[in-house]
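First comes the structure, then the notes that go with it.
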Amino acid sequence: MNVKEYISSGIVESYVMGLASEAERQEFETNCVQYPEIAEARNVFELALEQQLLKESPAAPLLLKNQVFDKITSSVSETNTSQLEEESTPVRSLSIWRWLAVASLVLLAGSVYWAITSNNMYQEMRARNANLQDSLKKANDEITTINGTGAAQPKSDFKMASITAGSDASVSIYWDTTSKDVYLMIKNMPEPPTDKQYQLWALLPQEGAPPIDLGMIELKQQRLLYRMKNVQNAKAFAITLEPKGGSPSPTSQPMVSSQPINL
Amino acid sequence: MRKKDEEAFGYLYEHYSGALYGVIKQIIGELELSNDVLQETFVNIWRRIESYDENKGRLFTWMLNIARNAAIDKTRSKGFQQSQRQMPLDGDVIQPSVRPEIDDYGLKKMIFKLKDEQRLLIDLSYFQGFTHEQIATALHIPLGTVKTRIRSALTQLRTLMQP
């Protein structure tokens with residue numbers, strides 16, 4: 001290893017300032033043991049940083065010092081008190097009883113509070129859990145529908161056709177040419193008029209052949225993937241706006257249609 | 001110190017609390033919370049002093065990293081985010097945080113001597129605690145480049161430190 005290059009690579013500063021990755025840190029620590037020059041370079045930078053930061057820094061609030069000390073010494077003083085109690089004479093037992101009584105009241109209040117909060121938490125977790133179960137079941141159901149016959153035919157060969165019309169409508173169609181399943185994924189579709197509905201069509205390769213109805217698209221929020229009717233053959237897909245319930249053949253010009261699919 | 005000697009701890013506090021407080025303030029930018037973080041930092045130093053390994057670096061470095069991590073953790077907390085309306089690092093617009101009354105000492109003051117891009121990178125990584133990966137994504141720079149540029153900014157910073 002080129003130690004000089006390593007030292008000047010910025011790893012020393014990166015390590016000291018806590019910006020090195022875990023792997024870099026471990027490597028650096030090993031290198032420090034192996035090459036004293038690297039440990040020395042680290043030490044020099046640490047010292048420079050330390051002096052820099054000590055040179056000009058605001059004073060920490062004095063009040064804080066006491067708070068910190070109270071906090072860290074509280075564990076120590078607890079053990080001290082228990083030692084005192086062991087040594088205490090029976091004369092003081094009355095006050096100890098009073099303390100115990102107060103302490104038990106505090107404990108009681110504490111445990112009531114604890115019971116209430118944990119019960120609230122329990123209820124909340126239960127509700128959340130039920131919600132999660134619910135959405136998991138829904139998701140599973142959707143997957144089952146999507147898998148359907150696909151599960152029996154693992155060798156799927158998906159063709160994808162994207163349909164976009166300006167920024168208004170963007171739809172992807174997945175056609176499994178093995179199982180012939182057609183899925184529609186909606187990225188964005190404008191809400192149709194209340195008496196109309198979108199209908200998906202497959203356009204056939206044969207010249208003059210009528211489009212095949214692949215089903216109606218029920219626009220539902222939070223629903224992205226729709227399973228449509230199967231189709232044996234298609235060269236492209238199109239979507240038209242049809243009267244509610246659909247038409248046996250398109251009654252309007254396609255709102256959007258896809259590029260021909262490469263089979 | 002290793003014996004949890006309170007006197008020694010008092011010395012540490014008197015000696016180093018200002019420097020640590022300075023860095024915490026530069027990360028947090030809010031007085032009240034900076035006090036909390038300084039307190040947490042010293043409690044952590046007290047509790048974890050056994051894990052300090054002098055072979056891995058100076059005590060001050062170790063304390064500084066505890067302080068920095070505690071401060072960054074605080075900025076990630078829900079309450080802080082709400083109070084600061086801090087933007088997550090996923091957009092295109094990132095401004096280094098510049099606050100006159102707390103940027104005129106220590107490392108913050110030094111990074112203003114760096115080039116804009118270097119200053120931004122140090123600000124994002126050291127003071128805001130974003131990972132190299134997050135910075136790469138947000139700035140649309142390859143990860144390797146982020147790492148190289150941060151390292152060169154750090155070596156640049158070091159030359160500024162020499163008296």
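Letters A, B, ... mark the chains of the structure tokens in the order given; residue numbers begin at 1 per chain; ligand numbers begin at 1, in order shown.
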Check: which chain B residues lie within 8 Å of chain A using only C-alpha atoms, as a PyMOL selection string: chain B and resi 13+16-19+21-22+35+39+42-43+46+56-58+60-61+65+105-107+125-126+151-152+154-155+158+161-162
Would you write out those residues with N, CA and C atoms, as an mmCIF file, in the first residue's frame?
data_model
loop_
_atom_site.group_PDB
_atom_site.id
_atom_site.type_symbol
_atom_site.label_atom_id
_atom_site.label_comp_id
_atom_site.auth_asym_id
_atom_site.auth_seq_id
_atom_site.Cartn_x
_atom_site.Cartn_y
_atom_site.Cartn_z
ATOM 1 N N TYR B 13 -16.157 18.630 31.390
ATOM 2 C CA TYR B 13 -17.268 19.510 31.052
ATOM 3 C C TYR B 13 -16.784 20.939 30.898
ATOM 4 N N TYR B 16 -14.454 21.119 27.627
ATOM 5 C CA TYR B 16 -14.905 20.782 26.281
ATOM 6 C C TYR B 16 -16.353 21.132 25.963
ATOM 7 N N SER B 17 -17.144 21.454 26.989
ATOM 8 C CA SER B 17 -18.574 21.655 26.706
ATOM 9 C C SER B 17 -18.788 22.781 25.697
ATOM 10 N N GLY B 18 -17.968 23.830 25.768
ATOM 11 C CA GLY B 18 -18.135 24.947 24.841
ATOM 12 C C GLY B 18 -17.947 24.522 23.398
ATOM 13 N N ALA B 19 -16.868 23.775 23.134
ATOM 14 C CA ALA B 19 -16.586 23.346 21.763
ATOM 15 C C ALA B 19 -17.694 22.433 21.247
ATOM 16 N N TYR B 21 -20.765 22.248 22.401
ATOM 17 C CA TYR B 21 -21.987 23.063 22.308
ATOM 18 C C TYR B 21 -22.005 23.839 20.990
ATOM 19 N N GLY B 22 -20.825 24.354 20.614
ATOM 20 C CA GLY B 22 -20.720 25.105 19.359
ATOM 21 C C GLY B 22 -21.133 24.272 18.159
ATOM 22 N N ASN B 35 -29.420 22.960 24.034
ATOM 23 C CA ASN B 35 -29.174 22.674 25.445
ATOM 24 C C ASN B 35 -29.513 21.231 25.770
ATOM 25 N N GLN B 39 -26.872 18.251 26.953
ATOM 26 C CA GLN B 39 -27.110 17.465 28.151
ATOM 27 C C GLN B 39 -27.081 15.970 27.836
ATOM 28 N N PHE B 42 -23.495 14.736 27.206
ATOM 29 C CA PHE B 42 -22.658 14.458 28.370
ATOM 30 C C PHE B 42 -23.144 13.252 29.156
ATOM 31 N N VAL B 43 -24.430 13.044 29.181
ATOM 32 C CA VAL B 43 -24.934 11.839 29.832
ATOM 33 C C VAL B 43 -24.430 10.607 29.085
ATOM 34 N N TRP B 46 -20.772 10.012 29.750
ATOM 35 C CA TRP B 46 -20.650 9.403 31.083
ATOM 36 C C TRP B 46 -20.957 7.908 31.043
ATOM 37 N N LYS B 56 -7.947 4.259 19.123
ATOM 38 C CA LYS B 56 -8.665 4.633 17.910
ATOM 39 C C LYS B 56 -8.758 6.136 17.730
ATOM 40 N N GLY B 57 -8.274 6.873 18.702
ATOM 41 C CA GLY B 57 -8.302 8.317 18.519
ATOM 42 C C GLY B 57 -8.368 9.055 19.839
ATOM 43 N N ARG B 58 -8.337 10.366 19.728
ATOM 44 C CA ARG B 58 -8.324 11.190 20.931
ATOM 45 C C ARG B 58 -9.695 11.227 21.591
ATOM 46 N N PHE B 60 -11.302 13.786 22.656
ATOM 47 C CA PHE B 60 -12.128 14.865 22.135
ATOM 48 C C PHE B 60 -12.855 14.442 20.857
ATOM 49 N N THR B 61 -12.123 13.720 19.991
ATOM 50 C CA THR B 61 -12.735 13.243 18.739
ATOM 51 C C THR B 61 -13.940 12.358 19.051
ATOM 52 N N ASN B 65 -17.862 13.209 18.142
ATOM 53 C CA ASN B 65 -18.739 12.370 17.326
ATOM 54 C C ASN B 65 -20.023 12.017 18.059
ATOM 55 N N TYR B 105 -18.170 31.006 13.684
ATOM 56 C CA TYR B 105 -17.073 30.435 14.459
ATOM 57 C C TYR B 105 -16.887 28.988 14.035
ATOM 58 N N GLY B 106 -15.755 28.424 14.461
ATOM 59 C CA GLY B 106 -15.505 26.996 14.280
ATOM 60 C C GLY B 106 -15.556 26.524 12.839
ATOM 61 N N LEU B 107 -16.031 25.273 12.679
ATOM 62 C CA LEU B 107 -16.024 24.658 11.359
ATOM 63 C C LEU B 107 -16.899 25.393 10.354
ATOM 64 N N SER B 125 -23.204 16.743 4.381
ATOM 65 C CA SER B 125 -22.747 15.501 5.000
ATOM 66 C C SER B 125 -22.435 15.691 6.481
ATOM 67 N N TYR B 126 -21.662 16.722 6.824
ATOM 68 C CA TYR B 126 -21.247 16.839 8.225
ATOM 69 C C TYR B 126 -22.330 17.467 9.088
ATOM 70 N N ARG B 151 -14.125 14.163 0.088
ATOM 71 C CA ARG B 151 -12.774 13.975 0.617
ATOM 72 C C ARG B 151 -11.865 15.136 0.238
ATOM 73 N N SER B 152 -11.994 15.632 -0.973
ATOM 74 C CA SER B 152 -11.108 16.734 -1.345
ATOM 75 C C SER B 152 -11.515 18.007 -0.623
ATOM 76 N N LEU B 154 -12.632 17.993 2.412
ATOM 77 C CA LEU B 154 -12.105 17.816 3.765
ATOM 78 C C LEU B 154 -10.614 18.114 3.831
ATOM 79 N N THR B 155 -9.866 17.666 2.809
ATOM 80 C CA THR B 155 -8.423 17.964 2.830
ATOM 81 C C THR B 155 -8.201 19.466 2.668
ATOM 82 N N ARG B 158 -8.695 21.007 5.923
ATOM 83 C CA ARG B 158 -7.544 20.775 6.797
ATOM 84 C C ARG B 158 -6.457 21.834 6.573
ATOM 85 N N MET B 161 -6.971 24.822 8.462
ATOM 86 C CA MET B 161 -6.808 24.715 9.909
ATOM 87 C C MET B 161 -5.395 25.042 10.356
ATOM 88 N N GLN B 162 -4.434 24.758 9.467
ATOM 89 C CA GLN B 162 -3.051 24.992 9.884
ATOM 90 C C GLN B 162 -2.851 26.463 10.259
#
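With only C-alpha atoms taken into account, the protein and nucleic acid residues at most 9 Å from region 146-149 of chain B (excluding it and anything under 2 positions from it in its own chain) are Ser9 and Gly10 of chain A; Glu117, Gln118, Leu121, His132, Glu133, Ile135, Ala136, Ile141, Pro142, Leu143, Gly144, Arg151, Ser152, Ala153 and Leu154 of chain B.
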Preceding selection exported with C-alpha atoms as a compact mmCIF listing (two decimals), in the first residue's frame:
# COMPACT_ATOMS: atom_id res chain seq x y z
CA SER A 9 -6.61 10.78 0.09
CA GLY A 10 -8.82 12.47 2.65
CA GLU B 117 -19.78 23.21 -4.07
CA GLN B 118 -17.35 22.02 -1.43
CA LEU B 121 -21.08 18.99 0.35
CA HIS B 132 -23.18 9.94 0.52
CA GLU B 133 -25.92 7.95 -1.22
CA ILE B 135 -26.44 13.34 -1.53
CA ALA B 136 -25.68 11.54 -4.79
CA ILE B 141 -24.02 13.13 -9.05
CA PRO B 142 -22.56 9.60 -9.14
CA LEU B 143 -21.82 8.16 -5.70
CA GLY B 144 -18.10 7.81 -6.40
CA ARG B 151 -12.77 13.97 0.62
CA SER B 152 -11.11 16.73 -1.35
CA ALA B 153 -13.26 19.31 0.45
CA LEU B 154 -12.10 17.82 3.76
All residues 9 Å or closer to Ile45 (chain B), only C-alpha atoms, same chain fewer than 5 positions away omitted, as a list in words: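 Here the qualifying residues turn out to be Glu40, Trp62, Met63, Ile66 and Ala67 of chain B.
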CA of Ser170 (chain A) to CA of Pro193 (chain A), distance in Å rounded to a single decimal: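 Computed distance, CA of Ser170 (chain A) to CA of Pro193 (chain A), equals 18.0 Å.
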Near-Phe127 (chain B) list (10 Å; only C-alpha atoms; drop same-chain fewer than 5 positions) as a PyMOL selection string: chain B and resi 23-24+26-28+68-69+71-72+96-97+107-108+120-122
File of the preceding selection, C-alpha atoms, as a compact mmCIF listing (two decimals), in the first residue's frame:
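Heads up, here's the output in part_28.txt:
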# COMPACT_ATOMS: atom_id res chain seq x y z
CA VAL B 23 -20.96 22.18 16.96
CA ILE B 24 -24.34 21.13 18.34
CA GLN B 26 -24.43 24.74 14.32
CA ILE B 27 -26.27 21.51 13.56
CA ILE B 28 -29.48 22.25 15.48
CA ARG B 68 -22.63 15.37 16.38
CA ASN B 69 -24.62 12.13 16.25
CA ALA B 71 -27.51 16.58 17.30
CA ILE B 72 -28.25 14.96 13.95
CA PRO B 96 -26.83 25.14 2.71
CA SER B 97 -28.20 26.31 6.00
CA LEU B 107 -16.02 24.66 11.36
CA LYS B 108 -18.96 26.57 9.91
CA LEU B 120 -22.49 22.52 0.17
CA LEU B 121 -21.08 18.99 0.35
CA ILE B 122 -19.62 19.49 3.84
CA of Ile217 (chain A) to CA of Leu200 (chain A), distance in Å rounded to a single decimal: 7.1 Å
From a DSSP calculation on the backbone, collect every residue of region 7-134 of chain B in helix (DSSP H, G or I) and output the set as a PDB file with C-alpha atoms, in the first residue's frame.
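Once everything was written out, this is part_3.pdb:
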ATOM      1  CA  GLU B   7     -14.113  15.365  39.379  1.00  0.00           C
ATOM      2  CA  ALA B   8     -12.484  14.390  36.129  1.00  0.00           C
ATOM      3  CA  PHE B   9     -15.864  14.576  34.486  1.00  0.00           C
ATOM      4  CA  GLY B  10     -16.310  18.070  35.796  1.00  0.00           C
ATOM      5  CA  TYR B  11     -13.003  18.982  34.256  1.00  0.00           C
ATOM      6  CA  LEU B  12     -14.083  17.521  30.922  1.00  0.00           C
ATOM      7  CA  TYR B  13     -17.268  19.510  31.052  1.00  0.00           C
ATOM      8  CA  GLU B  14     -15.554  22.760  31.802  1.00  0.00           C
ATOM      9  CA  HIS B  15     -12.925  22.160  29.197  1.00  0.00           C
ATOM     10  CA  TYR B  16     -14.905  20.782  26.281  1.00  0.00           C
ATOM     11  CA  SER B  17     -18.574  21.655  26.706  1.00  0.00           C
ATOM     12  CA  GLY B  18     -18.135  24.947  24.841  1.00  0.00           C
ATOM     13  CA  ALA B  19     -16.586  23.346  21.763  1.00  0.00           C
ATOM     14  CA  LEU B  20     -19.197  20.581  21.682  1.00  0.00           C
ATOM     15  CA  TYR B  21     -21.987  23.063  22.308  1.00  0.00           C
ATOM     16  CA  GLY B  22     -20.720  25.105  19.359  1.00  0.00           C
ATOM     17  CA  VAL B  23     -20.957  22.180  16.962  1.00  0.00           C
ATOM     18  CA  ILE B  24     -24.344  21.126  18.342  1.00  0.00           C
ATOM     19  CA  LYS B  25     -25.684  24.646  17.869  1.00  0.00           C
ATOM     20  CA  GLN B  26     -24.429  24.738  14.316  1.00  0.00           C
ATOM     21  CA  ILE B  27     -26.270  21.509  13.565  1.00  0.00           C
ATOM     22  CA  ILE B  28     -29.476  22.255  15.485  1.00  0.00           C
ATOM     23  CA  LEU B  31     -30.928  27.340  21.418  1.00  0.00           C
ATOM     24  CA  GLU B  32     -33.405  25.437  23.537  1.00  0.00           C
ATOM     25  CA  LEU B  33     -32.910  22.130  21.755  1.00  0.00           C
ATOM     26  CA  SER B  34     -29.145  22.605  21.669  1.00  0.00           C
ATOM     27  CA  ASN B  35     -29.174  22.674  25.445  1.00  0.00           C
ATOM     28  CA  ASP B  36     -31.074  19.396  25.513  1.00  0.00           C
ATOM     29  CA  VAL B  37     -28.642  17.812  23.094  1.00  0.00           C
ATOM     30  CA  LEU B  38     -25.606  18.980  25.048  1.00  0.00           C
ATOM     31  CA  GLN B  39     -27.110  17.465  28.151  1.00  0.00           C
ATOM     32  CA  GLU B  40     -27.810  14.189  26.340  1.00  0.00           C
ATOM     33  CA  THR B  41     -24.279  14.247  24.974  1.00  0.00           C
ATOM     34  CA  PHE B  42     -22.658  14.458  28.370  1.00  0.00           C
ATOM     35  CA  VAL B  43     -24.934  11.839  29.832  1.00  0.00           C
ATOM     36  CA  ASN B  44     -23.941   9.586  26.924  1.00  0.00           C
ATOM     37  CA  ILE B  45     -20.271  10.349  27.434  1.00  0.00           C
ATOM     38  CA  TRP B  46     -20.650   9.403  31.083  1.00  0.00           C
ATOM     39  CA  ARG B  47     -22.466   6.181  30.314  1.00  0.00           C
ATOM     40  CA  ARG B  48     -20.285   5.068  27.441  1.00  0.00           C
ATOM     41  CA  ILE B  49     -16.880   6.140  28.631  1.00  0.00           C
ATOM     42  CA  GLU B  50     -15.914   2.473  29.091  1.00  0.00           C
ATOM     43  CA  SER B  51     -16.227   1.945  25.368  1.00  0.00           C
ATOM     44  CA  GLU B  54      -7.677   5.550  23.051  1.00  0.00           C
ATOM     45  CA  ASN B  55      -5.997   3.492  20.325  1.00  0.00           C
ATOM     46  CA  LYS B  56      -8.665   4.633  17.910  1.00  0.00           C
ATOM     47  CA  LEU B  59     -10.969  11.573  23.604  1.00  0.00           C
ATOM     48  CA  PHE B  60     -12.128  14.865  22.135  1.00  0.00           C
ATOM     49  CA  THR B  61     -12.735  13.243  18.739  1.00  0.00           C
ATOM     50  CA  TRP B  62     -14.807  10.560  20.418  1.00  0.00           C
ATOM     51  CA  MET B  63     -16.853  13.112  22.348  1.00  0.00           C
ATOM     52  CA  LEU B  64     -17.271  15.281  19.266  1.00  0.00           C
ATOM     53  CA  ASN B  65     -18.739  12.370  17.326  1.00  0.00           C
ATOM     54  CA  ILE B  66     -21.143  11.578  20.155  1.00  0.00           C
ATOM     55  CA  ALA B  67     -22.246  15.223  20.159  1.00  0.00           C
ATOM     56  CA  ARG B  68     -22.626  15.369  16.380  1.00  0.00           C
ATOM     57  CA  ASN B  69     -24.617  12.127  16.246  1.00  0.00           C
ATOM     58  CA  ALA B  70     -26.904  13.258  19.053  1.00  0.00           C
ATOM     59  CA  ALA B  71     -27.510  16.581  17.301  1.00  0.00           C
ATOM     60  CA  ILE B  72     -28.251  14.962  13.952  1.00  0.00           C
ATOM     61  CA  ASP B  73     -30.560  12.455  15.635  1.00  0.00           C
ATOM     62  CA  LYS B  74     -32.405  15.403  17.111  1.00  0.00           C
ATOM     63  CA  THR B  75     -32.855  17.043  13.710  1.00  0.00           C
ATOM     64  CA  ARG B  76     -34.325  13.756  12.465  1.00  0.00           C
ATOM     65  CA  LYS B  78     -40.502  14.300  14.399  1.00  0.00           C
ATOM     66  CA  GLY B  79     -40.926  17.318  16.636  1.00  0.00           C
ATOM     67  CA  PHE B  80     -37.886  19.019  15.218  1.00  0.00           C
ATOM     68  CA  GLN B  81     -38.911  18.417  11.620  1.00  0.00           C
ATOM     69  CA  GLN B  82     -42.289  19.937  12.304  1.00  0.00           C
ATOM     70  CA  SER B  83     -40.835  22.943  14.044  1.00  0.00           C
ATOM     71  CA  GLN B  84     -38.289  23.578  11.337  1.00  0.00           C
ATOM     72  CA  PRO B 100     -25.433  34.539  10.676  1.00  0.00           C
ATOM     73  CA  GLU B 101     -25.321  34.345  14.476  1.00  0.00           C
ATOM     74  CA  ILE B 102     -24.213  30.716  14.580  1.00  0.00           C
ATOM     75  CA  GLY B 106     -15.505  26.996  14.280  1.00  0.00           C
ATOM     76  CA  LEU B 107     -16.024  24.658  11.359  1.00  0.00           C
ATOM     77  CA  LYS B 108     -18.965  26.574   9.905  1.00  0.00           C
ATOM     78  CA  LYS B 109     -16.883  29.678   9.644  1.00  0.00           C
ATOM     79  CA  MET B 110     -14.118  27.719   7.983  1.00  0.00           C
ATOM     80  CA  ILE B 111     -16.279  26.113   5.343  1.00  0.00           C
ATOM     81  CA  ASP B 116     -19.510  26.815  -3.059  1.00  0.00           C
ATOM     82  CA  GLU B 117     -19.785  23.212  -4.070  1.00  0.00           C
ATOM     83  CA  GLN B 118     -17.352  22.019  -1.430  1.00  0.00           C
ATOM     84  CA  ARG B 119     -19.167  24.005   1.217  1.00  0.00           C
ATOM     85  CA  LEU B 120     -22.493  22.516   0.169  1.00  0.00           C
ATOM     86  CA  LEU B 121     -21.084  18.991   0.353  1.00  0.00           C
ATOM     87  CA  ILE B 122     -19.621  19.495   3.838  1.00  0.00           C
ATOM     88  CA  ASP B 123     -22.796  21.151   4.993  1.00  0.00           C
ATOM     89  CA  LEU B 124     -24.966  18.301   3.735  1.00  0.00           C
ATOM     90  CA  SER B 125     -22.747  15.501   5.000  1.00  0.00           C
ATOM     91  CA  TYR B 126     -21.247  16.839   8.225  1.00  0.00           C
ATOM     92  CA  PHE B 127     -23.834  19.299   9.496  1.00  0.00           C
ATOM     93  CA  HIS B 132     -23.185   9.938   0.524  1.00  0.00           C
ATOM     94  CA  GLU B 133     -25.918   7.953  -1.219  1.00  0.00           C
ATOM     95  CA  GLN B 134     -28.613  10.481  -0.329  1.00  0.00           C
TER      96      GLN B 134
END
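Straight-line separation from CA of Trp175 (chain A) to CA of Ile239 (chain A): 15.0 Å.
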